[in-house]
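Undergrad: Below: one structure in structure tokens.
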Amino acid sequence: MTCSEEAEAQFAEIELLLSMFPSEEELQVDELSHAELRAYVEGSAHTPPSTRPQFSIKLKLENLEVSITLLCTYPPDYPKVLPDITIRCSELTRSQQMLLHSNLNTYLSENCSGDVCILSAVQWINENAQEYITKSVPVSDPKKENVSKQSNETFTRLWIYSHHIYNKIKRKNILEWAKELNLSGFSMPGKPGIVCVEGLQSACDEFWARVKVLTWKRIMVRHREDVPLENGSMEEGIDSLRKFTGFHEAIFEPHGTRGNHMDLGQLYQFLNDKGCADIFQMYFGIEGR
């Protein structure tokens, strides 16, 4: 099987970005997804990558002591479809970030449809972000703002994979941050470490932003699920989509010389009971039973 044109385009764009942003402070590429994509494109792997390529680009705006980070993920059909881009900037309010993100997507849809577009996104952000940072947020009708906010909200579920989770402080942070952000799900310590969080998209993104900056041998979002919420009660909409009740640490009969390996059969049964059996194969490359 030959690799797809989409995979070739994705790999070529990442390689170009690596040459343009050689510093890890500017560009961080998920190593596992990049390696899988390389193997597929170069022919040493005959099946498409199991993980979606992900990377972040940190931009320092000219004439401003401000940095903006673009968190980018390629859908399988990119560049036929737009990439998933999340914008982070401490100088922007949430409303400003949403407006900046919406206008960026509009620009990319109108000017880059069917083509790789990360550099176009970078250029547009460099040229336009200052306007969003310096202008004040207009006063709006709270009722109208609430309706608009509800219609734009998204329910998200993140499946996070780590090489291992041993540290007690990290385990404590994961539990406390999930509860603070009103996220449900679970964390499985040991080797490998698995974390699932679900709830409001902004809360999931905030959780991931906190977790990933801790010191890890390897950590990544293995899979992401996004579901737009219908107008109406946002809380009811979120609760109807949750697969988990609350957030807790899941322990499945640890074994091994250090007692740090969980019983994967029990993990599979746990996921199956929650209607998430397909995630097991996504994590471990084999069907559970």
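Residue numbering restarts at 1 for every chain of the structure tokens, chains are lettered A, B, ... in their displayed order, and ligands are numbered from 1 as they appear.
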Set out as a tab-separated table a contact list for segment 150-252 of chain A and segment 50-62 of chain A with a cut-off of 12 Å, giving each residue of segment 150-252 of chain A that qualifies its closest atom pair and distance in Å to one decimal, counting only C-alpha atoms, ordered by chain and rising residue number.
TA:
```
residue	atom	partner	partner_atom	distance
A:Trp159	CA	A:Thr51	CA	11.5
A:Ile160	CA	A:Thr51	CA	11.7
A:Tyr161	CA	A:Thr51	CA	11.2
A:Ala209	CA	A:Ser56	CA	11.4
A:Lys212	CA	A:Ser56	CA	11.9
A:Ile219	CA	A:Gln54	CA	11.9
A:Met220	CA	A:Gln54	CA	8.8
A:Val221	CA	A:Gln54	CA	8.7
A:Arg222	CA	A:Thr51	CA	6.3
A:His223	CA	A:Thr51	CA	7.4
A:Arg224	CA	A:Arg52	CA	9.5
```
Undergrad: What does the distance between atom CA of Gly199 of chain A and atom CA of Leu183 of chain A come to in Å, to one decimal place?
TA: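 Pair atom CA of Gly199 of chain A / atom CA of Leu183 of chain A returns 5.1 Å.
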Undergrad: Tell me, as a list in words, which residues lie within 12 Å of Asn126 of chain A, counting only C-alpha atoms; anything in the same chain fewer than 5 positions away does not count.
TA: Lys58, Leu59, Lys60, Leu61, Glu62, Asn63, Leu64, Val66, Ser67, Ile68, Thr69, Leu70, Leu100, Leu104, Leu119, Ser120, Ala121, Glu131, Tyr132 and Ile133 of chain A
Undergrad: Based on DSSP run over this structure's backbone, return all residues of segment 26-129 of chain A in strand (DSSP E or B), as a list in words.
TA: Leu27, Gln28, Val29, Gln54, Phe55, Ser56, Ile57, Lys58, Leu59, Lys60, Ser67, Ile68, Thr69, Leu70, Leu71, Cys72, Thr73, Asp84, Ile85, Thr86, Ile87 and Arg88 of chain A
Undergrad: So which bits of segment 30-83 of chain A end up alpha helix (DSSP H) when you DSSP the backbone, as a list in words?
TA: Glu31, Leu32, Ser33, His34, Ala35, Glu36, Leu37, Arg38, Ala39, Tyr40, Val41 and Glu42 of chain A
Undergrad: I need the residue nearest Gly237 of chain A from this list: A:Thr215, A:Asp205, A:Lys274, A:Phe155. Use only C-alpha atoms for the distance.
TA: A:Phe155
Undergrad: Skip Phe207 of chain A itself and residues of its chain fewer than 3 positions away, then list as a ChimeraX atom specification all residues within 8 Å of it, counting only C-alpha atoms.
TA: /A:177-178,181,203-204,210-211
Undergrad: Closest to Lys217 of chain A among A:Asn128, A:Thr73, A:Ser162, A:Thr93, using only C-alpha atoms?
TA: A:Ser162
Undergrad: Taking only C-alpha atoms into account, which of A:Leu37, A:Met282, A:Leu264, A:Ala45 comes nearest Lys191 of chain A?
TA: A:Leu264
Undergrad: Need the shell around Glu13 of chain A: protein/DNA/RNA residues with any atom at most 9 Å away, counting only C-alpha atoms. Skip same-chain ones fewer than 5 positions apart. Format as a ChimeraX atom specification?
TA: /A:8,18,116-119
Undergrad: For Pro189 of chain A, please output as number ranges by chain all residues within 12 Å (counting only C-alpha atoms; exclusion window: fewer than 5 positions along the same chain).
TA: A: 160-172, 174-175, 194-196, 248-254, 259-263, 267
Undergrad: Could you write out that same residue set with N, CA, C and O atoms as a short mmCIF file (atom, residue, chain, number, x, y, z; two decimals), in the first residue's frame?
TA:
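Wrote part14.cif, looks like this:
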```cif
data_model
loop_
_atom_site.label_atom_id
_atom_site.label_comp_id
_atom_site.auth_asym_id
_atom_site.auth_seq_id
_atom_site.Cartn_x
_atom_site.Cartn_y
_atom_site.Cartn_z
N ILE A 160 -5.75 10.73 27.24
CA ILE A 160 -4.34 11.08 27.37
C ILE A 160 -3.51 9.84 27.69
O ILE A 160 -3.91 9.01 28.52
N TYR A 161 -2.37 9.72 27.01
CA TYR A 161 -1.46 8.59 27.23
C TYR A 161 -0.13 9.11 27.76
O TYR A 161 0.43 10.08 27.23
N SER A 162 0.38 8.49 28.80
CA SER A 162 1.70 8.81 29.33
C SER A 162 2.53 7.54 29.43
O SER A 162 1.99 6.46 29.67
N HIS A 163 3.84 7.68 29.24
CA HIS A 163 4.73 6.54 29.38
C HIS A 163 4.55 5.89 30.75
O HIS A 163 4.53 4.66 30.88
N HIS A 164 4.40 6.74 31.77
CA HIS A 164 4.10 6.23 33.12
C HIS A 164 3.60 7.37 33.98
O HIS A 164 3.87 8.54 33.72
N ILE A 165 2.84 7.03 35.00
CA ILE A 165 2.42 8.00 36.02
C ILE A 165 2.71 7.36 37.38
O ILE A 165 1.98 6.47 37.82
N TYR A 166 3.80 7.77 38.03
CA TYR A 166 4.18 7.26 39.34
C TYR A 166 4.08 8.34 40.42
O TYR A 166 3.61 8.10 41.51
N ASN A 167 4.55 9.54 40.08
CA ASN A 167 4.74 10.60 41.06
C ASN A 167 3.46 10.94 41.80
O ASN A 167 2.42 11.22 41.19
N LYS A 168 3.52 10.94 43.13
CA LYS A 168 2.33 11.18 43.94
C LYS A 168 1.81 12.60 43.78
O LYS A 168 0.60 12.85 43.83
N ILE A 169 2.72 13.56 43.58
CA ILE A 169 2.28 14.95 43.40
C ILE A 169 1.52 15.10 42.09
O ILE A 169 0.48 15.76 42.03
N LYS A 170 2.04 14.47 41.02
CA LYS A 170 1.34 14.52 39.73
C LYS A 170 -0.04 13.87 39.85
O LYS A 170 -1.04 14.39 39.33
N ARG A 171 -0.09 12.73 40.53
CA ARG A 171 -1.37 12.04 40.69
C ARG A 171 -2.35 12.92 41.47
O ARG A 171 -3.55 12.99 41.13
N LYS A 172 -1.86 13.62 42.48
CA LYS A 172 -2.70 14.52 43.26
C LYS A 172 -3.16 15.70 42.42
O LYS A 172 -4.33 16.10 42.46
N ILE A 174 -3.55 15.81 39.14
CA ILE A 174 -4.53 15.34 38.16
C ILE A 174 -5.92 15.26 38.78
O ILE A 174 -6.91 15.71 38.20
N LEU A 175 -6.00 14.69 39.98
CA LEU A 175 -7.29 14.57 40.66
C LEU A 175 -7.86 15.94 41.01
O LEU A 175 -9.05 16.21 40.77
N ILE A 194 -2.75 6.38 32.03
CA ILE A 194 -3.87 6.77 31.18
C ILE A 194 -4.75 7.75 31.95
O ILE A 194 -5.02 7.56 33.13
N VAL A 195 -5.16 8.80 31.27
CA VAL A 195 -6.07 9.78 31.85
C VAL A 195 -7.16 10.08 30.84
O VAL A 195 -6.89 10.30 29.66
N CYS A 196 -8.40 10.07 31.29
CA CYS A 196 -9.53 10.50 30.47
C CYS A 196 -10.25 11.62 31.20
O CYS A 196 -10.60 11.47 32.38
N HIS A 248 -12.04 9.99 39.28
CA HIS A 248 -11.37 9.20 40.31
C HIS A 248 -10.14 8.52 39.73
O HIS A 248 -9.96 8.47 38.51
N GLU A 249 -9.32 8.00 40.60
CA GLU A 249 -8.15 7.22 40.19
C GLU A 249 -8.55 5.76 40.13
O GLU A 249 -9.10 5.22 41.09
N ALA A 250 -8.28 5.12 39.01
CA ALA A 250 -8.68 3.72 38.80
C ALA A 250 -7.47 2.80 38.98
O ALA A 250 -6.45 2.98 38.33
N ILE A 251 -7.61 1.83 39.85
CA ILE A 251 -6.55 0.86 40.12
C ILE A 251 -7.07 -0.53 39.74
O ILE A 251 -8.13 -0.95 40.19
N PHE A 252 -6.30 -1.26 38.91
CA PHE A 252 -6.73 -2.57 38.42
C PHE A 252 -5.68 -3.64 38.78
O PHE A 252 -4.81 -3.97 37.98
N GLU A 253 -5.73 -4.13 40.00
CA GLU A 253 -4.86 -5.21 40.48
C GLU A 253 -3.42 -5.04 40.00
O GLU A 253 -2.95 -5.77 39.11
N PRO A 254 -2.69 -4.09 40.56
CA PRO A 254 -1.30 -3.87 40.14
C PRO A 254 -0.43 -5.11 40.36
O PRO A 254 -0.60 -5.84 41.33
N GLY A 259 5.13 -3.48 41.19
CA GLY A 259 3.71 -3.28 41.43
C GLY A 259 3.15 -2.09 40.70
O GLY A 259 2.25 -1.40 41.19
N ASN A 260 3.68 -1.83 39.50
CA ASN A 260 3.28 -0.63 38.77
C ASN A 260 2.59 -0.94 37.44
O ASN A 260 2.37 -0.04 36.63
N HIS A 261 2.27 -2.20 37.18
CA HIS A 261 1.56 -2.57 35.95
C HIS A 261 0.13 -2.97 36.33
O HIS A 261 -0.08 -3.84 37.18
N MET A 262 -0.84 -2.34 35.66
CA MET A 262 -2.24 -2.65 35.95
C MET A 262 -2.71 -3.83 35.11
O MET A 262 -2.16 -4.12 34.04
N ASP A 263 -3.74 -4.50 35.58
CA ASP A 263 -4.34 -5.61 34.84
C ASP A 263 -5.12 -5.03 33.66
O ASP A 263 -6.17 -4.41 33.84
N LEU A 267 -8.89 -3.32 32.87
CA LEU A 267 -9.04 -2.01 32.24
C LEU A 267 -10.00 -2.11 31.05
O LEU A 267 -10.89 -1.27 30.89
#
```
Undergrad: Tell me, in Å to one decimal, how far atom CA of Gly185 of chain A is from atom CA of Trp208 of chain A.
TA: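 Separation between atom CA of Gly185 of chain A and atom CA of Trp208 of chain A: 13.5 Å.
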